[in-house]
Amino acid sequence: MGVVRHIVCAMSGGVDSSVTALLLRRRGYHVTGVFMKNWDSLDEKGVCSSERDCEDAYKVCQNLDIPFHQVSYVNEYWHEVFTNLLKEYEKGRTPNPDILCNKHIKFNHFYSYAINSLGADAMATGHYARTSQDSSNRDTWLLPLNMSSETALRSGTILERLVP
């Protein structure tokens, strides 16, 4: 991986991703914000909360003067995450859909979209893991400095499931 100049930031409309985009922009990176729609539902009043989240993400990108894109992974989420969740419940287990979402949606489909469709050098989110390259150019996972060893152990277990 060469010099990172263009970073696609997953924008949820929340504080974490907004601050991430701001900090990257302040550090001189060309940042593009992308909102991922992973679920298609209406609340009891017929309002889709993801539409409000998307509007918030758009407003943040406008305020930061960075490009904004939307991408839908509703179908992929249904088939690669939610269906598995239902199967696990049927077996009497309590799965964590966030792990599968990260593996299949965020670190697969979204990453591919950022790199291949938007021409990014890297992607960022407001949380989770960071990667770096070791001396042989293999990606390695870096954990936040403030993470306790117990949390790191749990996160390491989760990250093992994310990386094929």
# chains A, B, ... in the order shown; residues from 1 in each chain; ligands from 1
$ residues_around --residues "range 5-10 of chain A" --least-positions-apart "6" --cutoff "10 Å" --atoms "only C-alpha atoms" --output "ChimeraX atom specification"
/A:17-18,20-21,24-25,28-36,57,67-70,106,110-111,113-115,118-126
$ closest_residue --among "A:Cys54, A:Asn116, A:Arg26, A:Trp39" --to "Met11 in chain A" --atoms "only C-alpha atoms"
A:Cys54
$ select_by_dssp --residues "range 20-80 of chain A" --states "helix (DSSP H, G or I)" --output "JSON, numbers by chain"
{"A": [20, 21, 22, 23, 24, 25, 26, 49, 50, 51, 52, 53, 54, 55, 56, 57, 58, 59, 60, 61, 62, 63, 64, 74, 75, 76, 77, 78, 79, 80]}
$ residues_around --residues "Glu55 in chain A" --least-positions-apart "4" --cutoff "10 Å" --atoms "only C-alpha atoms" --output "ChimeraX atom specification"
/A:12-13,35,49-51,59-61
$ select_by_dssp --residues "range 1-138 of chain A" --states "strand (DSSP E or B)" --output "list of chain:residue names"
A:His6, A:Ile7, A:Val8, A:Cys9, A:Ala10, A:His30, A:Val31, A:Thr32, A:Gly33, A:Val34, A:Phe35, A:Met36, A:Lys37, A:Phe68, A:His69, A:Gln70, A:Val71, A:Ser72, A:Ala122, A:Met123, A:Ala124, A:Arg130, A:Thr131, A:Ser132, A:Gln133
$ write_last_selection --atoms "N, CA, C and O atoms" --output "compact mmCIF listing (two decimals), in the first residue's frame"
# COMPACT_ATOMS: atom_id res chain seq x y z
N HIS A 6 -6.55 9.45 -0.06
CA HIS A 6 -8.02 9.49 -0.15
C HIS A 6 -8.61 8.42 0.77
O HIS A 6 -8.35 7.23 0.58
N ILE A 7 -9.39 8.85 1.74
CA ILE A 7 -10.01 7.93 2.68
C ILE A 7 -11.52 8.04 2.59
O ILE A 7 -12.08 9.14 2.67
N VAL A 8 -12.19 6.92 2.42
CA VAL A 8 -13.64 6.88 2.47
C VAL A 8 -14.04 6.57 3.90
O VAL A 8 -13.56 5.60 4.49
N CYS A 9 -14.89 7.41 4.45
CA CYS A 9 -15.32 7.26 5.84
C CYS A 9 -16.78 6.83 5.88
O CYS A 9 -17.64 7.49 5.29
N ALA A 10 -17.05 5.72 6.53
CA ALA A 10 -18.42 5.26 6.73
C ALA A 10 -19.11 6.24 7.66
O ALA A 10 -18.69 6.43 8.80
N HIS A 30 -7.93 13.66 1.80
CA HIS A 30 -9.13 13.86 0.99
C HIS A 30 -10.13 12.83 1.51
O HIS A 30 -9.89 11.62 1.41
N VAL A 31 -11.21 13.29 2.09
CA VAL A 31 -12.19 12.40 2.73
C VAL A 31 -13.49 12.41 1.94
O VAL A 31 -13.96 13.48 1.53
N THR A 32 -14.04 11.24 1.74
CA THR A 32 -15.37 11.09 1.14
C THR A 32 -16.24 10.37 2.16
O THR A 32 -15.84 9.33 2.68
N GLY A 33 -17.41 10.92 2.44
CA GLY A 33 -18.34 10.29 3.37
C GLY A 33 -19.33 9.41 2.63
O GLY A 33 -19.83 9.80 1.58
N VAL A 34 -19.57 8.23 3.18
CA VAL A 34 -20.53 7.31 2.57
C VAL A 34 -21.47 6.77 3.65
O VAL A 34 -21.02 6.25 4.67
N PHE A 35 -22.76 6.89 3.39
CA PHE A 35 -23.77 6.34 4.28
C PHE A 35 -24.19 4.98 3.73
O PHE A 35 -24.54 4.86 2.56
N MET A 36 -24.16 3.96 4.58
CA MET A 36 -24.60 2.61 4.21
C MET A 36 -26.00 2.36 4.76
O MET A 36 -26.22 2.47 5.96
N LYS A 37 -26.91 2.00 3.89
CA LYS A 37 -28.24 1.58 4.34
C LYS A 37 -28.24 0.06 4.36
O LYS A 37 -28.09 -0.58 3.32
N PHE A 68 -20.29 13.35 -0.57
CA PHE A 68 -21.19 12.42 0.13
C PHE A 68 -21.77 11.44 -0.87
O PHE A 68 -22.17 11.82 -1.97
N HIS A 69 -21.80 10.17 -0.48
CA HIS A 69 -22.42 9.12 -1.29
C HIS A 69 -23.29 8.26 -0.39
O HIS A 69 -23.08 8.21 0.83
N GLN A 70 -24.25 7.58 -1.01
CA GLN A 70 -25.07 6.60 -0.30
C GLN A 70 -24.92 5.27 -1.02
O GLN A 70 -24.79 5.23 -2.24
N VAL A 71 -24.98 4.19 -0.25
CA VAL A 71 -24.94 2.86 -0.85
C VAL A 71 -25.89 1.98 -0.05
O VAL A 71 -26.01 2.12 1.17
N SER A 72 -26.59 1.10 -0.74
CA SER A 72 -27.53 0.20 -0.07
C SER A 72 -26.99 -1.22 -0.06
O SER A 72 -26.61 -1.76 -1.11
N ALA A 122 -7.88 3.98 1.39
CA ALA A 122 -8.21 3.34 2.67
C ALA A 122 -9.64 3.68 3.04
O ALA A 122 -10.26 4.56 2.43
N MET A 123 -10.15 2.98 4.03
CA MET A 123 -11.48 3.30 4.57
C MET A 123 -11.35 3.52 6.06
O MET A 123 -10.40 3.04 6.69
N ALA A 124 -12.31 4.25 6.61
CA ALA A 124 -12.32 4.52 8.04
C ALA A 124 -13.75 4.42 8.55
O ALA A 124 -14.71 4.59 7.80
N ARG A 130 -8.30 -0.79 13.47
CA ARG A 130 -7.46 -0.10 12.51
C ARG A 130 -6.50 -1.13 11.94
O ARG A 130 -6.18 -2.10 12.60
N THR A 131 -6.02 -0.89 10.75
CA THR A 131 -5.01 -1.79 10.21
C THR A 131 -3.75 -1.01 9.91
O THR A 131 -3.78 0.20 9.74
N SER A 132 -2.68 -1.71 9.86
CA SER A 132 -1.39 -1.17 9.47
C SER A 132 -0.70 -2.28 8.70
O SER A 132 -1.22 -3.38 8.60
N GLN A 133 0.46 -1.98 8.16
CA GLN A 133 1.19 -3.02 7.46
C GLN A 133 2.51 -3.27 8.18
O GLN A 133 3.18 -2.33 8.61
$ residues_around --residues "Asn84 in chain A" --least-positions-apart "4" --cutoff "12 Å" --atoms "only C-alpha atoms" --output "ChimeraX atom specification"
/A:76-80,88-91,93-101,104
$ write_last_selection --atoms "N, CA and C atoms" --output "PDB file, in the first residue's frame"
ATOM      1  N   GLU A  76     -27.797  -7.584   0.752  1.00  0.00           N
ATOM      2  CA  GLU A  76     -26.645  -8.313   1.268  1.00  0.00           C
ATOM      3  C   GLU A  76     -26.788  -8.567   2.775  1.00  0.00           C
ATOM      4  N   TYR A  77     -27.262  -7.556   3.498  1.00  0.00           N
ATOM      5  CA  TYR A  77     -27.448  -7.711   4.942  1.00  0.00           C
ATOM      6  C   TYR A  77     -28.474  -8.810   5.230  1.00  0.00           C
ATOM      7  N   TRP A  78     -29.562  -8.795   4.487  1.00  0.00           N
ATOM      8  CA  TRP A  78     -30.604  -9.802   4.691  1.00  0.00           C
ATOM      9  C   TRP A  78     -30.040 -11.207   4.490  1.00  0.00           C
ATOM     10  N   HIS A  79     -29.333 -11.407   3.400  1.00  0.00           N
ATOM     11  CA  HIS A  79     -28.870 -12.749   3.049  1.00  0.00           C
ATOM     12  C   HIS A  79     -27.611 -13.188   3.794  1.00  0.00           C
ATOM     13  N   GLU A  80     -26.742 -12.257   4.147  1.00  0.00           N
ATOM     14  CA  GLU A  80     -25.468 -12.633   4.744  1.00  0.00           C
ATOM     15  C   GLU A  80     -25.413 -12.442   6.259  1.00  0.00           C
ATOM     16  N   GLU A  88     -29.534 -19.186  13.719  1.00  0.00           N
ATOM     17  CA  GLU A  88     -28.911 -19.389  15.027  1.00  0.00           C
ATOM     18  C   GLU A  88     -29.953 -19.367  16.150  1.00  0.00           C
ATOM     19  N   TYR A  89     -30.920 -18.469  16.062  1.00  0.00           N
ATOM     20  CA  TYR A  89     -32.006 -18.439  17.055  1.00  0.00           C
ATOM     21  C   TYR A  89     -32.782 -19.754  17.046  1.00  0.00           C
ATOM     22  N   GLU A  90     -33.041 -20.289  15.849  1.00  0.00           N
ATOM     23  CA  GLU A  90     -33.741 -21.565  15.740  1.00  0.00           C
ATOM     24  C   GLU A  90     -32.976 -22.695  16.418  1.00  0.00           C
ATOM     25  N   LYS A  91     -31.665 -22.590  16.453  1.00  0.00           N
ATOM     26  CA  LYS A  91     -30.824 -23.597  17.094  1.00  0.00           C
ATOM     27  C   LYS A  91     -30.652 -23.344  18.590  1.00  0.00           C
ATOM     28  N   ARG A  93     -29.337 -20.598  19.956  1.00  0.00           N
ATOM     29  CA  ARG A  93     -28.157 -19.800  20.245  1.00  0.00           C
ATOM     30  C   ARG A  93     -28.489 -18.312  20.125  1.00  0.00           C
ATOM     31  N   THR A  94     -27.667 -17.487  20.763  1.00  0.00           N
ATOM     32  CA  THR A  94     -27.852 -16.040  20.706  1.00  0.00           C
ATOM     33  C   THR A  94     -26.655 -15.433  19.974  1.00  0.00           C
ATOM     34  N   PRO A  95     -26.782 -15.237  18.681  1.00  0.00           N
ATOM     35  CA  PRO A  95     -25.661 -14.720  17.896  1.00  0.00           C
ATOM     36  C   PRO A  95     -25.503 -13.206  18.064  1.00  0.00           C
ATOM     37  N   ASN A  96     -24.352 -12.707  17.649  1.00  0.00           N
ATOM     38  CA  ASN A  96     -24.103 -11.276  17.613  1.00  0.00           C
ATOM     39  C   ASN A  96     -24.050 -10.854  16.148  1.00  0.00           C
ATOM     40  N   PRO A  97     -25.121 -10.250  15.644  1.00  0.00           N
ATOM     41  CA  PRO A  97     -25.144  -9.900  14.218  1.00  0.00           C
ATOM     42  C   PRO A  97     -24.100  -8.856  13.830  1.00  0.00           C
ATOM     43  N   ASP A  98     -23.611  -8.079  14.798  1.00  0.00           N
ATOM     44  CA  ASP A  98     -22.601  -7.068  14.474  1.00  0.00           C
ATOM     45  C   ASP A  98     -21.324  -7.702  13.935  1.00  0.00           C
ATOM     46  N   ILE A  99     -20.971  -8.871  14.437  1.00  0.00           N
ATOM     47  CA  ILE A  99     -19.755  -9.541  13.965  1.00  0.00           C
ATOM     48  C   ILE A  99     -19.903  -9.917  12.496  1.00  0.00           C
ATOM     49  N   LEU A 100     -21.054 -10.499  12.143  1.00  0.00           N
ATOM     50  CA  LEU A 100     -21.268 -10.870  10.745  1.00  0.00           C
ATOM     51  C   LEU A 100     -21.420  -9.641   9.863  1.00  0.00           C
ATOM     52  N   CYS A 101     -22.046  -8.590  10.383  1.00  0.00           N
ATOM     53  CA  CYS A 101     -22.185  -7.357   9.612  1.00  0.00           C
ATOM     54  C   CYS A 101     -20.816  -6.773   9.321  1.00  0.00           C
ATOM     55  N   HIS A 104     -19.052  -9.269   6.684  1.00  0.00           N
ATOM     56  CA  HIS A 104     -19.624  -9.347   5.341  1.00  0.00           C
ATOM     57  C   HIS A 104     -19.920  -7.988   4.719  1.00  0.00           C
TER      58      HIS A 104
END
$ atom_distance --atom1 "CA of Asp56 in chain A" --atom2 "CA of Thr83 in chain A"
28.9 Å
